[in-house]
There are 2 protein chains.
Amino acid sequence: MTIVMYERVGFEGRRPSPFSWRIRYALTHKGVDVEYRPVRFADVDTIKQLSGQNFVPIIVDGSKVVHDSWHIASYLEDRFPTQPPLFGDEVARRTTRFVNLWSYVLGPALQRLIYPDFIWCLAPEDREYFRSSREKALGQSLEEASADRPRWQAEFDAACRPLERLFAEQPFIAGPGPRYSDYLVFSVFQWARLGSPRDVVAPGTALAEWRSRMIKLFDGLADKFPGYPKEHAGSR
Amino acid sequence: MTIVMYERVGFEGRRPSPFSWRIRYALTHKGVDVEYRPVRFADVDTIKQLSGQNFVPIIVDGSKVVHDSWHIASYLEDRFPTQPPLFGDEVARRTTRFVNLWSYVLGPALQRLIYPDFIWCLAPEDREYFRSSREKALGQSLEEASADRPRWQAEFDAACRPLERLFAEQPFIAGPGPRYSDYLVFSVFQWARLGSPRDVVAPGTALAEWRSRMIKLFDGLADKFPGYPKEHAGSR
């Protein structure tokens with residue numbers, strides 16, 4: 001049976017959501033048939049009717065509707081037990097949950113590094129909502145929030161330190177090969193690399209090398225959608 | 001065969017080292033025979049002769065000498081494969097390595113909350129070395145470094161946030177039961193609870209409840225050695 005996945009679509013076919021990216025990788029890792037259905041902020045009624053809440057990704061598997069990326073990954077693991085594992089044993093799954101909850105520490109500094117660029121990756125009709133909701137949360141304009149770039153880059157680098165040390169020892173978070181822990185963390189970096197023309201990862205680091213390995217997976221899945229819009233690459 | 005473990009001993013039999021605590025839990029979890037040999041800073045020559053470096057814990061297993069807590073835990077897992085697992089599968093082990101490298105983020109703020117109290121847990125002849133080496137690293141006195149307690153407590157709470165969220169969902173880092181990931185993180189909290197009369201964990205939190213579960217393990221192993229010296233409990 002084909003799984004249907006609803007995911008956010010941005011400007012001219014871009015895929016701006018890290019939560020959708022991690023599920024795209026999970027579905028590809030599992031090797032299941034998927035029909036991807038792109039949605040916009042304006043499609044919120046469709047999403048709400050299907051899942052009882054506002055956020056994508058959601059997946060529909062026959063009569064089953066699952067939302068929240070962690071629940072979706074867990075669902076896929078249990079639904080397709082003979083396909084390649086996303087976790088491994090139960091200890092690996094629960095420890096991966098820690099990685100998932102930890103990964104939120106990457107957000108605050110990264111948002112400030114990305115937001116004013118990222119807005120151009122969204123569909124034009126979604127930009128005003130994005131700007132006003134984020135500016136309300138930050139208590140300042142996107143441009144003010146990201147003005148002190150060296151500060152946020154230093155904070156982001158500090159948050160990445162456990163990853164840098166890990167990748168100096170092993171190729172993936174899960175060890176010799178990638179699993180869901182890698183996909184979920186990579187999706188944050190994927191969001192940053194597609195959402196801004198400026199790289200937040202220093203070249204030559206173990207982190208940069210891991211990211212390169214991740215980008216190459218599944219025949220270069222990370223680059224199957226448009227990158228940062230060139231017409232805005234020099235806008236700041 | 002009995003494993004010999006060398007560990008730091010403090011004032012009147014106290015066990016002040018988080019790295020030794022995590023290995024004590026690992027050895028107890030594995031259920032192997034252990035002979036514990038307490039050492040002091042002054043015993044550095046013994047340690048160096050045995051292991052080629054200065055730090056405890058080290059374990060000696062026949063002709064094999066292993067140092068560094070992560071290497072010791074990995075060694076024990078491979079050496080006693082039929083005893084209860086410290087990790088689980090290879091993915092769990094490698095993901096636990098991430099937890100281990102992540103746990104260093106707890107250190108900087110916690111040190112500042114603890115150090116001026118902690119010094120009284122060390123053997124009197126070790127205190128001057130501890131003070132001078134730590135003050136050199138901090139660039140200020142231990143008392144100055146910890147003066148702004150609300151700031152360091154807030155920073156420590158922020159570092160603990162992934163744990164707080166995790167324990168709201170599951171009883172241990174490894175899931176339904178404790179594994180090495182729990183022991184290594186707990187050892188940091190154990191260091192804090194034995195090393196200061198002031199609690200750094202807010203009562204009623206999911207983190208506090210996890211710590212209580214950890215303290216009860218193995219017939220209350222966490223309380224088998226003396227706690228904070230009462231005569232210094234009101235010294236700050």
# chains A, B, ... in the order shown; residues from 1 in each chain; ligands from 1
call {"tool": "residues_around", "arguments": {"residues": "Ala26 of chain A", "least_positions_apart": "4", "cutoff": "7 Å", "atoms": "only C-alpha atoms", "output": "list in words"}}
result
Arg22, Lys30, Ala73, Leu86 and Tyr180 of chain A
call {"tool": "calpha_fit_and_write", "arguments": {"fixed": "chain A", "moving": "chain B", "output": "tab-separated table (two decimals) with C-alpha atoms, in the first residue's frame"}}
result
chain	number	residue	atom	x	y	z
B	1	MET	CA	0.03	0.01	-0.01
B	2	THR	CA	1.20	3.52	-0.80
B	3	ILE	CA	1.79	5.89	2.12
B	4	VAL	CA	0.62	9.45	1.52
B	5	MET	CA	2.76	12.18	3.01
B	6	TYR	CA	1.66	15.78	3.25
B	7	GLU	CA	4.56	18.24	3.42
B	8	ARG	CA	5.03	21.97	3.25
B	9	VAL	CA	5.98	23.36	-0.17
B	10	GLY	CA	7.74	26.69	-0.62
B	11	PHE	CA	8.71	29.07	-3.42
B	12	GLU	CA	8.73	27.33	-6.80
B	13	GLY	CA	8.75	23.79	-5.46
B	14	ARG	CA	11.19	24.29	-2.59
B	15	ARG	CA	10.90	22.08	0.48
B	16	PRO	CA	11.45	24.37	3.46
B	17	SER	CA	10.49	22.12	6.42
B	18	PRO	CA	13.14	20.25	8.44
B	19	PHE	CA	10.43	18.05	9.93
B	20	SER	CA	9.32	16.97	6.47
B	21	TRP	CA	12.92	16.34	5.40
B	22	ARG	CA	13.57	13.92	8.25
B	23	ILE	CA	10.42	11.97	7.34
B	24	ARG	CA	11.33	11.98	3.65
B	25	TYR	CA	14.65	10.38	4.63
B	26	ALA	CA	12.91	7.92	6.95
B	27	LEU	CA	10.50	6.86	4.20
B	28	THR	CA	13.34	6.52	1.68
B	29	HIS	CA	15.41	4.52	4.19
B	30	LYS	CA	12.45	2.18	4.67
B	31	GLY	CA	12.03	1.89	0.92
B	32	VAL	CA	8.27	2.18	0.99
B	33	ASP	CA	6.05	3.56	-1.79
B	34	VAL	CA	5.11	7.14	-1.07
B	35	GLU	CA	2.88	9.69	-2.70
B	36	TYR	CA	4.01	13.16	-1.63
B	37	ARG	CA	1.33	15.84	-1.47
B	38	PRO	CA	2.66	19.36	-1.13
B	39	VAL	CA	0.62	21.80	0.95
B	40	ARG	CA	0.84	25.52	1.70
B	41	PHE	CA	0.11	27.46	4.86
B	42	ALA	CA	-3.20	28.28	3.18
B	43	ASP	CA	-4.09	24.59	3.14
B	44	VAL	CA	-4.37	24.53	6.93
B	45	ASP	CA	-8.03	23.46	6.78
B	46	THR	CA	-7.16	20.30	4.83
B	47	ILE	CA	-4.49	19.41	7.39
B	48	LYS	CA	-6.72	20.12	10.33
B	49	GLN	CA	-9.57	18.05	8.91
B	50	LEU	CA	-7.23	15.13	8.32
B	51	SER	CA	-5.21	15.13	11.52
B	52	GLY	CA	-6.99	17.32	14.05
B	53	GLN	CA	-4.02	19.70	14.26
B	54	ASN	CA	-2.24	22.27	12.09
B	55	PHE	CA	1.23	20.97	11.38
B	56	VAL	CA	2.81	18.96	8.60
B	57	PRO	CA	4.27	16.48	7.98
B	58	ILE	CA	1.44	14.06	8.36
B	59	ILE	CA	1.23	10.64	6.80
B	60	VAL	CA	-1.86	8.72	5.79
B	61	ASP	CA	-1.62	4.95	5.66
B	62	GLY	CA	-5.00	3.58	4.63
B	63	SER	CA	-7.34	4.66	7.41
B	64	LYS	CA	-4.48	5.60	9.74
B	65	VAL	CA	-3.39	9.26	10.02
B	66	VAL	CA	-0.20	10.04	11.95
B	67	HIS	CA	1.26	13.47	12.75
B	68	ASP	CA	4.39	14.68	14.63
B	69	SER	CA	7.68	13.60	13.08
B	70	TRP	CA	8.75	11.43	16.04
B	71	HIS	CA	5.45	9.58	16.05
B	72	ILE	CA	5.65	9.13	12.29
B	73	ALA	CA	9.17	7.66	12.48
B	74	SER	CA	8.11	5.30	15.28
B	75	TYR	CA	5.01	4.34	13.34
B	76	LEU	CA	7.03	3.54	10.21
B	77	GLU	CA	9.47	1.41	12.21
B	78	ASP	CA	6.64	-0.70	13.65
B	79	ARG	CA	4.63	-0.79	10.44
B	80	PHE	CA	7.55	-2.02	8.30
B	81	PRO	CA	9.56	-4.23	10.66
B	82	THR	CA	11.22	-6.23	7.88
B	83	GLN	CA	12.46	-3.14	6.04
B	84	PRO	CA	15.81	-1.54	7.06
B	85	PRO	CA	15.54	-0.36	10.68
B	86	LEU	CA	15.34	3.34	11.54
B	87	PHE	CA	16.47	2.70	15.10
B	88	GLY	CA	17.60	-0.80	15.96
B	89	ASP	CA	16.65	-2.18	19.34
B	90	GLU	CA	14.39	-0.48	21.87
B	91	VAL	CA	17.36	1.08	23.71
B	92	ALA	CA	18.53	2.62	20.44
B	93	ARG	CA	15.04	3.98	19.81
B	94	ARG	CA	14.72	5.54	23.24
B	95	THR	CA	18.25	6.97	23.10
B	96	THR	CA	17.42	8.40	19.67
B	97	ARG	CA	14.50	10.13	21.36
B	98	PHE	CA	17.08	11.91	23.50
B	99	VAL	CA	18.91	13.01	20.35
B	100	ASN	CA	15.60	14.29	18.99
B	101	LEU	CA	14.85	16.34	22.11
B	102	TRP	CA	18.45	17.53	22.28
B	103	SER	CA	18.35	18.77	18.66
B	104	TYR	CA	16.11	21.69	19.65
B	105	VAL	CA	19.18	23.38	21.15
B	106	LEU	CA	20.37	23.97	17.58
B	107	GLY	CA	17.31	26.09	16.82
B	108	PRO	CA	17.54	29.43	18.61
B	109	ALA	CA	20.91	30.52	17.21
B	110	LEU	CA	20.33	28.96	13.80
B	111	GLN	CA	17.00	30.73	13.35
B	112	ARG	CA	18.71	34.05	13.84
B	113	LEU	CA	21.38	33.15	11.28
B	114	ILE	CA	18.80	32.04	8.71
B	115	TYR	CA	15.44	33.77	9.03
B	116	PRO	CA	15.95	36.91	6.91
B	117	ASP	CA	17.28	34.75	4.07
B	118	PHE	CA	14.84	31.92	4.60
B	119	ILE	CA	11.78	34.00	3.98
B	120	TRP	CA	12.57	33.98	0.24
B	121	CYS	CA	12.28	30.18	0.17
B	122	LEU	CA	8.62	30.41	1.12
B	123	ALA	CA	5.76	30.83	-1.32
B	124	PRO	CA	5.07	34.58	-1.68
B	125	GLU	CA	1.62	34.29	-0.06
B	126	ASP	CA	3.17	32.63	3.04
B	127	ARG	CA	5.87	35.22	3.71
B	128	GLU	CA	3.83	37.79	5.57
B	129	TYR	CA	2.45	35.20	7.99
B	130	PHE	CA	5.95	33.82	8.56
B	131	ARG	CA	7.42	37.25	9.21
B	132	SER	CA	4.72	38.46	11.57
B	133	SER	CA	4.53	35.24	13.61
B	134	ARG	CA	8.33	34.97	13.99
B	135	GLU	CA	8.79	38.67	14.74
B	136	LYS	CA	6.11	38.42	17.42
B	137	ALA	CA	7.92	35.44	18.98
B	138	LEU	CA	11.31	37.17	18.82
B	139	GLY	CA	10.03	40.56	19.93
B	140	GLN	CA	11.98	42.25	17.13
B	141	SER	CA	12.28	42.29	13.34
B	142	LEU	CA	13.96	39.34	11.62
B	143	GLU	CA	16.76	41.66	10.54
B	144	GLU	CA	17.32	42.97	14.07
B	145	ALA	CA	17.23	39.42	15.45
B	146	SER	CA	20.05	38.36	13.15
B	147	ALA	CA	22.13	41.53	13.18
B	148	ASP	CA	24.84	40.26	15.50
B	149	ARG	CA	25.85	37.36	13.25
B	150	PRO	CA	29.19	36.53	14.95
B	151	ARG	CA	27.37	36.08	18.26
B	152	TRP	CA	24.78	33.66	16.87
B	153	GLN	CA	27.37	31.79	14.85
B	154	ALA	CA	29.44	31.30	18.02
B	155	GLU	CA	26.36	30.13	19.89
B	156	PHE	CA	25.46	27.73	17.10
B	157	ASP	CA	29.03	26.37	16.99
B	158	ALA	CA	28.88	25.77	20.75
B	159	ALA	CA	25.59	23.88	20.39
B	160	CYS	CA	27.19	21.74	17.65
B	161	ARG	CA	30.23	20.79	19.74
B	162	PRO	CA	28.97	17.32	20.81
B	163	LEU	CA	28.39	16.52	17.12
B	164	GLU	CA	31.82	17.76	16.11
B	165	ARG	CA	33.44	15.55	18.75
B	166	LEU	CA	31.26	12.59	17.79
B	167	PHE	CA	32.04	12.80	14.07
B	168	ALA	CA	35.74	12.92	14.85
B	169	GLU	CA	35.23	9.36	16.15
B	170	GLN	CA	32.52	7.79	13.99
B	171	PRO	CA	30.94	8.44	10.58
B	172	PHE	CA	27.30	8.72	11.67
B	173	ILE	CA	25.40	9.37	14.91
B	174	ALA	CA	24.12	5.79	14.74
B	175	GLY	CA	27.62	4.43	14.07
B	176	PRO	CA	28.85	2.98	10.77
B	177	GLY	CA	25.63	3.78	8.86
B	178	PRO	CA	22.89	6.42	9.05
B	179	ARG	CA	19.67	5.88	10.97
B	180	TYR	CA	16.83	8.11	12.08
B	181	SER	CA	19.08	10.00	14.53
B	182	ASP	CA	21.18	11.12	11.57
B	183	TYR	CA	18.15	12.05	9.47
B	184	LEU	CA	16.59	14.14	12.18
B	185	VAL	CA	19.76	16.08	12.94
B	186	PHE	CA	20.66	16.41	9.27
B	187	SER	CA	17.22	17.85	8.52
B	188	VAL	CA	18.17	20.89	10.62
B	189	PHE	CA	21.35	21.39	8.58
B	190	GLN	CA	19.43	20.74	5.37
B	191	TRP	CA	16.96	23.47	6.38
B	192	ALA	CA	19.91	25.82	6.86
B	193	ARG	CA	21.71	24.95	3.62
B	194	LEU	CA	18.58	25.28	1.46
B	195	GLY	CA	17.32	28.27	3.45
B	196	SER	CA	20.32	30.57	3.23
B	197	PRO	CA	23.12	31.28	0.76
B	198	ARG	CA	25.61	31.50	3.64
B	199	ASP	CA	27.01	28.34	5.12
B	200	VAL	CA	26.78	27.96	8.89
B	201	VAL	CA	29.17	24.98	8.98
B	202	ALA	CA	32.90	25.65	8.79
B	203	PRO	CA	34.69	23.75	5.98
B	204	GLY	CA	37.10	21.03	7.04
B	205	THR	CA	35.28	20.21	10.26
B	206	ALA	CA	34.14	16.68	11.09
B	207	LEU	CA	30.62	18.11	11.05
B	208	ALA	CA	31.06	19.34	7.47
B	209	GLU	CA	32.29	15.91	6.45
B	210	TRP	CA	29.31	14.19	8.04
B	211	ARG	CA	26.99	16.62	6.25
B	212	SER	CA	28.67	15.76	2.94
B	213	ARG	CA	28.08	12.07	3.61
B	214	MET	CA	24.45	12.81	4.40
B	215	ILE	CA	23.98	14.89	1.25
B	216	LYS	CA	25.21	12.00	-0.91
B	217	LEU	CA	22.77	9.46	0.56
B	218	PHE	CA	20.03	7.99	-1.61
B	219	ASP	CA	21.50	9.24	-4.84
B	220	GLY	CA	21.79	12.83	-3.62
B	221	LEU	CA	18.26	13.12	-2.25
B	222	ALA	CA	19.21	16.33	-0.43
B	223	ASP	CA	19.60	18.12	-3.77
B	224	LYS	CA	16.51	16.84	-5.58
B	225	PHE	CA	14.66	20.09	-4.93
B	226	PRO	CA	15.66	23.66	-5.77
B	227	GLY	CA	18.30	25.27	-3.54
B	228	TYR	CA	18.45	28.85	-2.34
B	229	PRO	CA	16.91	31.29	-4.86
B	230	LYS	CA	19.87	32.86	-6.69
B	231	GLU	CA	18.08	36.18	-7.15
B	232	HIS	CA	18.17	36.71	-3.37
B	233	ALA	CA	21.63	35.31	-2.67
B	234	GLY	CA	23.18	38.77	-2.34
B	235	SER	CA	20.25	40.52	-0.72
B	236	ARG	CA	21.77	41.12	2.72
call {"tool": "select_by_dssp", "arguments": {"residues": "chain B", "states": "alpha helix (DSSP H)", "output": "count of residues only"}}
result
126
